[in-house]
Structure formats: C-alpha cells, structure tokens
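What follows is a short report on a single structure.
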Amino acid sequence: MIHRVPAILTGVLLASIALGQTPAPRKASAKSKSEGETVEQRLEVYAARFLPFDPETRITVSRATDTIPGFDAFRLQRKGSYEKLKVDKTVYVSTDGKWFFAGDMVPNTAPRPVRSQADLEWLDSKFTNLFRVRVRVTLAPDHDANGWKGVAVICDTGYFPVRMPGFVSPDGKYFLQGTFWDFTADPRAERRRRIDLSANRATGPADASVQLVEYADMECAYCKFRGGQLDKLLEANTRIVNVRRHYKFFPLWLGHVWAVKAASAGDCIFKFADGALFRFKQQVYARQESMTLSGIDELAITTAEASGVSSADFLSCYLQEDSFARVRKDLEEGYRLGVNSTPTYFVDGTEVSWLDDKIMEDFFRTLFPKTKTVNYGN
C-alpha cells in the first residue's frame, strides 16, 4: 500500500497531467472582463494541468458554498481512465483571480485575532495531540499572501525539526495547511521552479530531455515495489525514453522507525561516493522486511567502506547536522509541493500518481510515443 506522510487533514494530493494533455475548456455564457472567460473555465484548464496525470481526464467545476476570506470555493470533479485517480474535492480561487489553494482547511472553534505567537497556541495543541510529537506553529511573515498570515508548522521528528507550510486568517477563524499556487501561471512550470535539482542525486543521461523526480522512503514497501517497476520500465526502454531520474529523501518520520537514519546514511554515502547511494538503496530494499535501527548502521558503514569511504569520514557525516539539513531540505520541499505519500513522482513538473501498473507507461507515451509495454511479473 502507499505510505502517507502525516497530513494535517485527509486532503487529496493534487498534481498535474502530462504536457500537452490539457483539455479544451467548455463554453460558458458568463465572461470575465479581464480574461474573457469564467473562473470555472479557467479552473478546468488549470486543474487539468494540476491534477495527477490520467490519459482521459474529464473535469467538471461548480461553485461551492464553503468560502473562506479572500477566496471563492469550487467543487472540482475529475474522471478518467483510472478509477483510483478520480477526484471530488473542494478547492479555492482567490477573488482577485491570482491564487489557487487545494490543501486542507481547519476551522477554529474559539477564534481570536492573530497578533502574536500566543494567538497560535490552539494550533500547537491541536497538532501536538494529532501527531503525538511536539509541534510548534510560528508566524512566517515572509510568506504572508492574499491577506492571510503565513505560518510554519514545526514538528519534532526525533532527529531534527521540520517545517510544514500553512496560513492563518488574521481573525484566527481558519488555518490552511499547504501553499498558495499562482493561478495565472502553468502549475507544471511552477513545480519545475520549486524543485531543486542542484544536488544531482540522479541516474540516467546527464543531457536527458526529461527530468523525473522521485520522493521516496527506504522503509516504504510501496517505494520498493514501484521503484523496482521503474527500473524495469527504464531498462526496457533504453534509447527510447530519455529520462534522468532524481532521488529525493522523504522519510516518513512519524511511523517509520529507521527511515530517517537510512536517509542520512544515503546522503552521506552519496557525499563521498555518489554512485554508491543507489547500491545502498537496493541493499536496504533487499533487507527491508528484517531491517532494524542497528542494521541500518551496519549496512551503511559496510557499503561506505566497500565504496572506498573510510568509516571515520562516513561517521563525521552520518546523523550530523549537515546531513540532517540536506534531508530536511528534501522533506520541506516536498511539503511545499503537496507531497503527502511515498513514492511521489514528478516528471517535468507533472505528477504521476502510480496507482496502477500501466500509469507510468501511459504517461511516458505522451512524451515518447514508442514506449514499450513492460511485463512486471507481479
């Protein structure tokens, strides 16, 4: 099964569909003076680029009643080829047409104006009780937008603090978990800008025409499952699918006991012997069902030494602040993108929610029409 990060609520993870797969908007009688089309029409086009890829996306949009300050609410429904990719949820577009929000909304039953840190204590309590770890919500004024106050939900993972993005209304009545997206831009391009590939923790041609980004957790059985299928798909389509595959650490720290240690170990192995990271990952997957906290230590040191890295060099990095900072960077980047499950794949800014064996093949064919069908032997 897919492994999910601790979401603030049970929100559906939204992403995009393939480049060039945007359906034509339906005709409508009411026109916007500035755009020449209704908000509903614009939202159909935007959502087709934002939602997970489906070969036959069909989207309908209707007004909803549960508006929030500065935003109009819409019911967004999507059907396509895959039943598991159906969407039926409420999303929000700012009244000035600039922002889109698709995360979770939490009402405050005893609101008070937000003037200082003390006015966020209700969120501290709510999320500390929900996650069973210490949570502190702080104001983040650099992220204020559309009349909402930016906040950071800071969770203690047991190894380092990690920040999730959010907003609170100035009157304290609502909390929004997630980020605002530029409704005037292509969300696929915005994702590409938000994803940092400078670490180059990747395999595949350096000059590949397509960049695939994989947010994964080495303790996640579904990451092992789909990761192996991706290996087979790329191998079967050598010289057909021109893809560079980037790996992002996304350990599900709340429920997985050794995932953070595995991420730090992988980071340090990559630091000293970059190609060894992927051998380490495969070795972890091979031992996943029986792996322990001490087992990760032993395997990491063994892999490092076999790759020409001294144990002293490895231990100077492993579980140290610099390594944690790099793992934390991947995690927080994922949160800003709306990642809430592993594995999550973005391909040139398009999310591919791999809930059926053939979905990734279907997507690759939109970019590389000669992509071969693979028998995964499940």
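Lettering and numbering for the structure tokens are positional, with chains as A, B, ... in the shown order, residues counted from 1 in each chain, and ligands counted from 1 in the shown order.
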
For this session: Determine, counting only C-alpha atoms, which protein, DNA and RNA residues have an atom within 10 Å of an atom of Ala64 (chain A); residues of the same chain fewer than 2 positions away are not included. Present the result as a ChimeraX atom specification.
Result: /A:61-62,66-67,72-76,90-92

Exercise. Do you know which residues are at most 9 Å from Tyr174 (chain A) counting only C-alpha atoms, after dropping those on the same chain fewer than 4 positions away, and could you put them as a PyMOL selection string?
Worked result: chain A and resi 68-69+105-108+111+167-170

Problem set entry | Ala259 (chain A) environment, 7 Å, only C-alpha atoms, sequence neighbours closer than 6 positions dropped, as a list in words | Asp217, Met218, Glu219, Pro251, Leu252 and Trp253 of chain A

For this session: Find the residues around Val93 (chain A) up to 10 Å (only C-alpha atoms counted), leave out those fewer than 6 positions away in its own chain, and share them as a list in words.
Result: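 Result of the neighbour search: Val39, Glu40, Leu43, Thr67, Ile68, Gly70, Phe71, Asp72, Ala73, Phe74, Trp99, Phe100, Phe101, Ala102, Phe180, Trp181, Asp182 and Phe183 of chain A.
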
Tell me, counting only C-alpha atoms, for each residue of region 249-339 of chain A within 12 Å of region 224-233 of chain A, which pair of atoms is nearest and how far apart they are in Å to one decimal, in rows ordered by chain and increasing number, as JSON lines.
{"residue": "A:Phe278", "atom": "CA", "partner": "A:Gly227", "partner_atom": "CA", "distance": 11.3}
{"residue": "A:Lys281", "atom": "CA", "partner": "A:Lys224", "partner_atom": "CA", "distance": 9.2}
{"residue": "A:Gln282", "atom": "CA", "partner": "A:Lys224", "partner_atom": "CA", "distance": 8.5}
{"residue": "A:Gln283", "atom": "CA", "partner": "A:Lys224", "partner_atom": "CA", "distance": 10.8}
{"residue": "A:Val284", "atom": "CA", "partner": "A:Lys224", "partner_atom": "CA", "distance": 9.4}
{"residue": "A:Tyr285", "atom": "CA", "partner": "A:Lys224", "partner_atom": "CA", "distance": 6.0}
{"residue": "A:Ala286", "atom": "CA", "partner": "A:Lys224", "partner_atom": "CA", "distance": 8.8}
{"residue": "A:Arg287", "atom": "CA", "partner": "A:Lys224", "partner_atom": "CA", "distance": 10.8}
{"residue": "A:Gln288", "atom": "CA", "partner": "A:Lys224", "partner_atom": "CA", "distance": 8.7}
{"residue": "A:Glu289", "atom": "CA", "partner": "A:Lys224", "partner_atom": "CA", "distance": 10.9}
